[in-house]
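I have placed the structure first, in the form of structure tokens, so that the comments after it can refer back to it.
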Amino acid sequence: MRALGSAIATFVMPGFGQALARRGAAAIAWALAIAIVHALVFATPWAFYAAFGLRFACAVHAAACIRKGVAFDWLSPLALATAAFSILMFVALRWVFAGHHTPSSSMAPTLEIGDDIFLDTVTPRLRPIGRGEPIVFADPCHPGEDLVKRVVAIGGDTVEVRCNVLYVNGEATANTLLDPKVSYRERGRRGWDDSFASLYRESLGGHAYDVFHDVQRPLRDSLGAPAGDVHDFPRRTMTALPACMGKSVGAPGKYPAGGSRGNGEFIETKRSATSCEPQLQYLVPLGTVFVMGDNRADSVDSRSWGPVPLGLIKGRVLGIWMSNGEHGVSWSRVRRVH
């Protein structure tokens with residue numbers, strides 16, 4: 001029973017059982033190794049499972065050490081130090097990493113329904129959020145809910161969408177057609193159904209990622225899309241900024257205030273432009289970011305309710321650590337997210 005109890009304690013506090021058995025070097029080695037592997041989650045979500053396996057191996061090793069009958073002191077300095085290190089490591093992990101469950105296909109194909117993702121909650125405090133990065137943030141329109149989208153523009157940038165082409169600061173974002181028609185699974189009120197989209201590769205801010213557009217886009221592009229597209233932003237019919245629950249984007253307590261730059265503004269660049277030409281830009285307010293879902297034809301994002309204040313951002317998306325979708329757990333989806 002003593003060995004079993006020590007093993008359980010060691011699983012929670014790596015190195016603790018070894019410290020009780022007076023294996024100081026082993027205790028320190030196990031604790032440091034597991035801490036390092038946990039930190040590797042920044043590189044790959046598989047590190048989470050590797051750390052879990054190491055904890056189990058550490059617990060088995062601790063039980064083997066204890067079963068040799070070595071007398072130990074629960075209050076020995078090494079045991080207390082190991083326990084304290086493990087507690088600090090747990091607190092640090094909870095502070096550095098957070099989780100989010102993907103409930104919709106608005107970020108498909110990058111994220112699918114049922115994907116569970118790790119968030120890096122520390123580096124956004126150390127370096128600014130950049131263009132092309134997927135983030136999780138508190139929903140500006142529904143307090144208490146979180147959303148995941150991709151940052152396409154930062155404060156001070158101009159953003160515009162014409163015929164499904166994204167323009168940032170007047171420059172078209174590189175995008176290449178990969179497949180004119182792909183299928184993906186969507187969950188509705190009556191269960192799972194097939195949906196179809198055209199697949200493109202987009203590059204922004206040093207990030208390359210796949211995006212979905214509606215399946216008719218390739219045909220429209222070949223015809224020149226003379227009538228424009230319903231997903232264009234901003235539209236000339238807009239007389240005010242996007243709104244949340246009937247409140248303007250610059251509503252006190254929700255978004256930065258202070259003049260046109262605080263609330264954002266429209267900038268006309270070419271009045272006589274054709275439907276697909278750049279013509280009307282949106283200036284992203286300072287202290288905010290403009291976000292869009294990777295499923296461009298099926299995402300409610302900043303095109304609908306405006307920019308996201310930096311204070312609402314909860315973290316950068318690191319990767320998918322678990323996916324439990326239509327057919328259960330899919331280990332093939334465990335990966336780094338770009």
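We label chains A, B, ... in the order they appear in the structure tokens, count residues from 1 in each chain, and number ligands from 1 in the order shown.
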request  = Tell me, as a ChimeraX atom specification, which residues lie within 8 Å of A:Pro180, counting only C-alpha atoms; anything in the same chain fewer than 6 positions away does not count.
outcome  = /A:197-199,215,218
inquiry  = Need to verify the contact set: A:Val152, 10 Å, only C-alpha atoms, exclusion of same-chain residues closer than 5 positions in sequence. Can you return it as a list of chain:residue names?
reply    =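 Residues near the query, excluding close chain neighbours: A:Gly130, A:Arg131, A:Gly132, A:Glu133, A:Pro134, A:Asp157, A:Val159, A:Leu166, A:Tyr167, A:Val168, A:Thr173, A:Leu204, A:Gly205, A:Val289, A:Phe290, A:Val291, A:Met292, A:Gly293, A:Ser302.
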Can I get the selection written as a PDB file, in the first residue's frame, with N, CA and C atoms?
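again31.pdb, freshly written:
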```pdb
ATOM      1  N   GLY A 130       0.012  39.056 -34.297  1.00  0.00           N
ATOM      2  CA  GLY A 130       0.318  39.463 -35.664  1.00  0.00           C
ATOM      3  C   GLY A 130      -0.691  38.974 -36.673  1.00  0.00           C
ATOM      4  N   ARG A 131      -0.585  39.479 -37.871  1.00  0.00           N
ATOM      5  CA  ARG A 131      -1.464  39.064 -38.969  1.00  0.00           C
ATOM      6  C   ARG A 131      -1.245  37.587 -39.279  1.00  0.00           C
ATOM      7  N   GLY A 132      -2.312  36.892 -39.567  1.00  0.00           N
ATOM      8  CA  GLY A 132      -2.238  35.482 -39.938  1.00  0.00           C
ATOM      9  C   GLY A 132      -2.311  34.519 -38.773  1.00  0.00           C
ATOM     10  N   GLU A 133      -2.330  35.004 -37.536  1.00  0.00           N
ATOM     11  CA  GLU A 133      -2.334  34.120 -36.380  1.00  0.00           C
ATOM     12  C   GLU A 133      -3.760  33.759 -35.949  1.00  0.00           C
ATOM     13  N   PRO A 134      -4.037  32.493 -35.688  1.00  0.00           N
ATOM     14  CA  PRO A 134      -5.339  32.115 -35.119  1.00  0.00           C
ATOM     15  C   PRO A 134      -5.338  32.388 -33.618  1.00  0.00           C
ATOM     16  N   ASP A 157      -4.087  49.112 -39.564  1.00  0.00           N
ATOM     17  CA  ASP A 157      -4.169  48.545 -40.915  1.00  0.00           C
ATOM     18  C   ASP A 157      -5.498  48.927 -41.566  1.00  0.00           C
ATOM     19  N   VAL A 159      -8.353  47.162 -44.148  1.00  0.00           N
ATOM     20  CA  VAL A 159      -8.761  45.840 -44.605  1.00  0.00           C
ATOM     21  C   VAL A 159      -9.949  45.986 -45.550  1.00  0.00           C
ATOM     22  N   LEU A 166      -8.842  39.049 -50.139  1.00  0.00           N
ATOM     23  CA  LEU A 166      -8.575  39.872 -48.962  1.00  0.00           C
ATOM     24  C   LEU A 166      -7.455  40.857 -49.263  1.00  0.00           C
ATOM     25  N   TYR A 167      -7.720  42.130 -48.999  1.00  0.00           N
ATOM     26  CA  TYR A 167      -6.716  43.179 -49.157  1.00  0.00           C
ATOM     27  C   TYR A 167      -6.373  43.750 -47.787  1.00  0.00           C
ATOM     28  N   VAL A 168      -5.075  43.782 -47.485  1.00  0.00           N
ATOM     29  CA  VAL A 168      -4.602  44.374 -46.239  1.00  0.00           C
ATOM     30  C   VAL A 168      -3.635  45.492 -46.607  1.00  0.00           C
ATOM     31  N   THR A 173      -3.906  39.720 -50.591  1.00  0.00           N
ATOM     32  CA  THR A 173      -3.293  38.588 -49.921  1.00  0.00           C
ATOM     33  C   THR A 173      -3.136  37.436 -50.913  1.00  0.00           C
ATOM     34  N   LEU A 204      -0.326  35.026 -45.270  1.00  0.00           N
ATOM     35  CA  LEU A 204      -0.437  36.340 -44.644  1.00  0.00           C
ATOM     36  C   LEU A 204       0.460  36.392 -43.418  1.00  0.00           C
ATOM     37  N   GLY A 205       1.271  37.415 -43.333  1.00  0.00           N
ATOM     38  CA  GLY A 205       2.106  37.603 -42.158  1.00  0.00           C
ATOM     39  C   GLY A 205       3.079  36.477 -41.893  1.00  0.00           C
ATOM     40  N   VAL A 289      -7.944  44.177 -33.237  1.00  0.00           N
ATOM     41  CA  VAL A 289      -7.550  43.380 -34.396  1.00  0.00           C
ATOM     42  C   VAL A 289      -8.813  43.023 -35.177  1.00  0.00           C
ATOM     43  N   PHE A 290      -8.636  42.812 -36.466  1.00  0.00           N
ATOM     44  CA  PHE A 290      -9.740  42.423 -37.343  1.00  0.00           C
ATOM     45  C   PHE A 290      -9.588  40.933 -37.616  1.00  0.00           C
ATOM     46  N   VAL A 291     -10.631  40.147 -37.343  1.00  0.00           N
ATOM     47  CA  VAL A 291     -10.535  38.693 -37.450  1.00  0.00           C
ATOM     48  C   VAL A 291     -11.542  38.153 -38.457  1.00  0.00           C
ATOM     49  N   MET A 292     -11.178  37.025 -39.081  1.00  0.00           N
ATOM     50  CA  MET A 292     -12.070  36.327 -39.996  1.00  0.00           C
ATOM     51  C   MET A 292     -11.907  34.833 -39.789  1.00  0.00           C
ATOM     52  N   GLY A 293     -12.975  34.085 -40.030  1.00  0.00           N
ATOM     53  CA  GLY A 293     -12.899  32.639 -39.983  1.00  0.00           C
ATOM     54  C   GLY A 293     -12.267  32.110 -41.263  1.00  0.00           C
ATOM     55  N   SER A 302     -15.481  39.644 -37.859  1.00  0.00           N
ATOM     56  CA  SER A 302     -15.377  41.110 -37.817  1.00  0.00           C
ATOM     57  C   SER A 302     -16.094  41.794 -38.963  1.00  0.00           C
TER      58      SER A 302
END
```
Residue set, stretch 44-104 of chain A restricted to helix (DSSP H, G or I), as a PyMOL selection string = chain A and resi 46-66+77-96
Please produce an output containing N, CA and C atoms for each residue in the selection, written as a tab-separated table (two decimals), in the first residue's frame.
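Produced file part-v3.tsv, reproduced below:
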```tsv
chain	number	residue	atom	x	y	z
A	46	TRP	N	1.61	16.61	-29.28
A	46	TRP	CA	1.95	15.26	-28.85
A	46	TRP	C	2.79	15.27	-27.57
A	47	ALA	N	3.43	16.40	-27.26
A	47	ALA	CA	4.22	16.49	-26.03
A	47	ALA	C	3.33	16.30	-24.80
A	48	PHE	N	2.05	16.67	-24.92
A	48	PHE	CA	1.12	16.47	-23.81
A	48	PHE	C	1.01	14.99	-23.46
A	49	TYR	N	0.89	14.16	-24.49
A	49	TYR	CA	0.77	12.72	-24.26
A	49	TYR	C	2.11	12.12	-23.82
A	50	ALA	N	3.21	12.65	-24.36
A	50	ALA	CA	4.53	12.17	-23.94
A	50	ALA	C	4.76	12.47	-22.46
A	51	ALA	N	4.33	13.65	-22.02
A	51	ALA	CA	4.49	14.00	-20.61
A	51	ALA	C	3.63	13.10	-19.73
A	52	PHE	N	2.43	12.76	-20.21
A	52	PHE	CA	1.55	11.85	-19.47
A	52	PHE	C	2.22	10.49	-19.32
A	53	GLY	N	2.81	9.99	-20.43
A	53	GLY	CA	3.50	8.71	-20.37
A	53	GLY	C	4.70	8.75	-19.43
A	54	LEU	N	5.45	9.86	-19.44
A	54	LEU	CA	6.58	9.98	-18.54
A	54	LEU	C	6.15	10.01	-17.08
A	55	ARG	N	5.03	10.66	-16.81
A	55	ARG	CA	4.52	10.68	-15.43
A	55	ARG	C	4.20	9.24	-14.96
A	56	PHE	N	3.60	8.45	-15.85
A	56	PHE	CA	3.27	7.07	-15.50
A	56	PHE	C	4.55	6.28	-15.25
A	57	ALA	N	5.55	6.43	-16.12
A	57	ALA	CA	6.82	5.73	-15.94
A	57	ALA	C	7.50	6.16	-14.65
A	58	CYS	N	7.42	7.44	-14.36
A	58	CYS	CA	8.02	7.96	-13.12
A	58	CYS	C	7.34	7.35	-11.90
A	59	ALA	N	6.01	7.21	-11.96
A	59	ALA	CA	5.27	6.63	-10.84
A	59	ALA	C	5.65	5.16	-10.65
A	60	VAL	N	5.78	4.41	-11.75
A	60	VAL	CA	6.18	3.00	-11.66
A	60	VAL	C	7.58	2.88	-11.06
A	61	HIS	N	8.48	3.74	-11.49
A	61	HIS	CA	9.84	3.72	-10.96
A	61	HIS	C	9.84	4.05	-9.46
A	62	ALA	N	9.01	5.01	-9.06
A	62	ALA	CA	8.93	5.36	-7.65
A	62	ALA	C	8.43	4.19	-6.82
A	63	ALA	N	7.41	3.47	-7.32
A	63	ALA	CA	6.88	2.32	-6.59
A	63	ALA	C	7.96	1.25	-6.43
A	64	ALA	N	8.75	1.04	-7.49
A	64	ALA	CA	9.83	0.05	-7.42
A	64	ALA	C	10.87	0.45	-6.38
A	65	CYS	N	11.17	1.73	-6.31
A	65	CYS	CA	12.14	2.20	-5.31
A	65	CYS	C	11.61	2.01	-3.89
A	66	ILE	N	10.33	2.32	-3.71
A	66	ILE	CA	9.73	2.23	-2.36
A	66	ILE	C	9.63	0.78	-1.92
A	77	PRO	N	13.76	17.38	3.40
A	77	PRO	CA	13.89	18.58	2.56
A	77	PRO	C	13.74	18.30	1.07
A	78	LEU	N	14.30	17.17	0.61
A	78	LEU	CA	14.21	16.86	-0.81
A	78	LEU	C	12.78	16.55	-1.23
A	79	ALA	N	12.05	15.79	-0.37
A	79	ALA	CA	10.66	15.48	-0.69
A	79	ALA	C	9.80	16.74	-0.73
A	80	LEU	N	10.01	17.63	0.23
A	80	LEU	CA	9.24	18.87	0.26
A	80	LEU	C	9.58	19.76	-0.94
A	81	ALA	N	10.88	19.78	-1.29
A	81	ALA	CA	11.29	20.60	-2.44
A	81	ALA	C	10.69	20.06	-3.73
A	82	THR	N	10.67	18.72	-3.88
A	82	THR	CA	10.09	18.11	-5.08
A	82	THR	C	8.60	18.40	-5.18
A	83	ALA	N	7.90	18.29	-4.04
A	83	ALA	CA	6.47	18.58	-4.03
A	83	ALA	C	6.20	20.04	-4.40
A	84	ALA	N	7.04	20.94	-3.85
A	84	ALA	CA	6.86	22.36	-4.14
A	84	ALA	C	7.11	22.64	-5.63
A	85	PHE	N	8.15	22.01	-6.19
A	85	PHE	CA	8.45	22.19	-7.62
A	85	PHE	C	7.30	21.72	-8.48
A	86	SER	N	6.72	20.57	-8.11
A	86	SER	CA	5.60	20.02	-8.88
A	86	SER	C	4.38	20.93	-8.82
A	87	ILE	N	4.13	21.49	-7.65
A	87	ILE	CA	2.99	22.40	-7.51
A	87	ILE	C	3.21	23.65	-8.35
A	88	LEU	N	4.43	24.18	-8.32
A	88	LEU	CA	4.74	25.35	-9.12
A	88	LEU	C	4.61	25.04	-10.61
A	89	MET	N	5.05	23.84	-11.01
A	89	MET	CA	4.94	23.45	-12.41
A	89	MET	C	3.47	23.36	-12.82
A	90	PHE	N	2.61	22.82	-11.96
A	90	PHE	CA	1.19	22.72	-12.26
A	90	PHE	C	0.58	24.11	-12.42
A	91	VAL	N	0.91	25.01	-11.48
A	91	VAL	CA	0.38	26.37	-11.55
A	91	VAL	C	0.86	27.06	-12.83
A	92	ALA	N	2.14	26.87	-13.18
A	92	ALA	CA	2.69	27.48	-14.39
A	92	ALA	C	2.00	26.95	-15.64
A	93	LEU	N	1.75	25.64	-15.68
A	93	LEU	CA	1.09	25.05	-16.84
A	93	LEU	C	-0.33	25.59	-16.99
A	94	ARG	N	-1.02	25.73	-15.86
A	94	ARG	CA	-2.38	26.27	-15.91
A	94	ARG	C	-2.38	27.72	-16.36
A	95	TRP	N	-1.30	28.44	-16.06
A	95	TRP	CA	-1.21	29.85	-16.43
A	95	TRP	C	-0.81	30.01	-17.89
A	96	VAL	N	0.10	29.14	-18.33
A	96	VAL	CA	0.63	29.25	-19.69
A	96	VAL	C	-0.34	28.70	-20.72
```
Nearby residues (only C-alpha atoms) at most 10 Å from A:Arg125, same-chain spacing under 4 positions excluded, as a PDB file with C-alpha atoms, in the first residue's frame:
```pdb
ATOM      1  CA  THR A 121      -1.797  32.534 -22.987  1.00  0.00           C
ATOM      2  CA  ILE A 129      -0.532  39.478 -31.963  1.00  0.00           C
ATOM      3  CA  GLY A 315      -4.382  33.356 -26.355  1.00  0.00           C
TER       4      GLY A 315
END
```
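With distances restricted to only C-alpha atoms, A:Leu111 is the closest residue to A:Arg150 from A:Leu177, A:Val12, A:Ala31, A:Leu111.
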Every residue of stretch 91-234 of chain A that DSSP places in strand (DSSP E or B), as an NGL selection string = :A and (97-101 or 115-120 or 134-138 or 146-154 or 158-162 or 165-168 or 171-172 or 174-188 or 191-204 or 207-213 or 233)
message = Rounded to one decimal, what separation in Å do you get between atom CA of A:Phe233 and atom CA of A:Arg162?
response =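 Separation between atom CA of A:Phe233 and atom CA of A:Arg162: 6.8 Å.
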key: Residue neighbourhood A:Leu32, 9 Å, only C-alpha atoms, exclusion window fewer than 4 positions, as a PyMOL selection string   = chain A and resi 14-15+27-28+36-37
Which polymer residues have any atom within 9 Å of an atom of A:Ile313, counting only C-alpha atoms, with same-chain residues fewer than 6 positions away left out, as a tab-separated table (two decimals) with C-alpha atoms, in the first residue's frame?
```tsv
chain	number	residue	atom	x	y	z
A	121	THR	CA	-1.80	32.53	-22.99
A	124	PRO	CA	0.54	37.54	-26.30
A	135	ILE	CA	-6.52	33.32	-31.71
A	136	VAL	CA	-9.21	32.67	-29.12
A	137	PHE	CA	-11.01	35.67	-27.64
A	138	ALA	CA	-14.08	36.55	-25.64
```
task = Give the answer as one residue: which of A:Gly99, A:Gly206, A:Gly228, A:Gly319 has the shortest atom-to-atom distance to A:Ala174, using only C-alpha atoms?
result = A:Gly206
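Atom to atom, atom CA of A:Gly155 and atom CA of A:Pro285 stand 5.1 Å apart.
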query = So which residues touch A:Ala108 within 7 Å, counting only C-alpha atoms, skipping near sequence neighbours fewer than 3 positions away, as a list in words?
reply =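 Residues near the query, excluding close chain neighbours: Ser105, Leu111, Glu112, Phe212, Asp294 and Asn295 of chain A.
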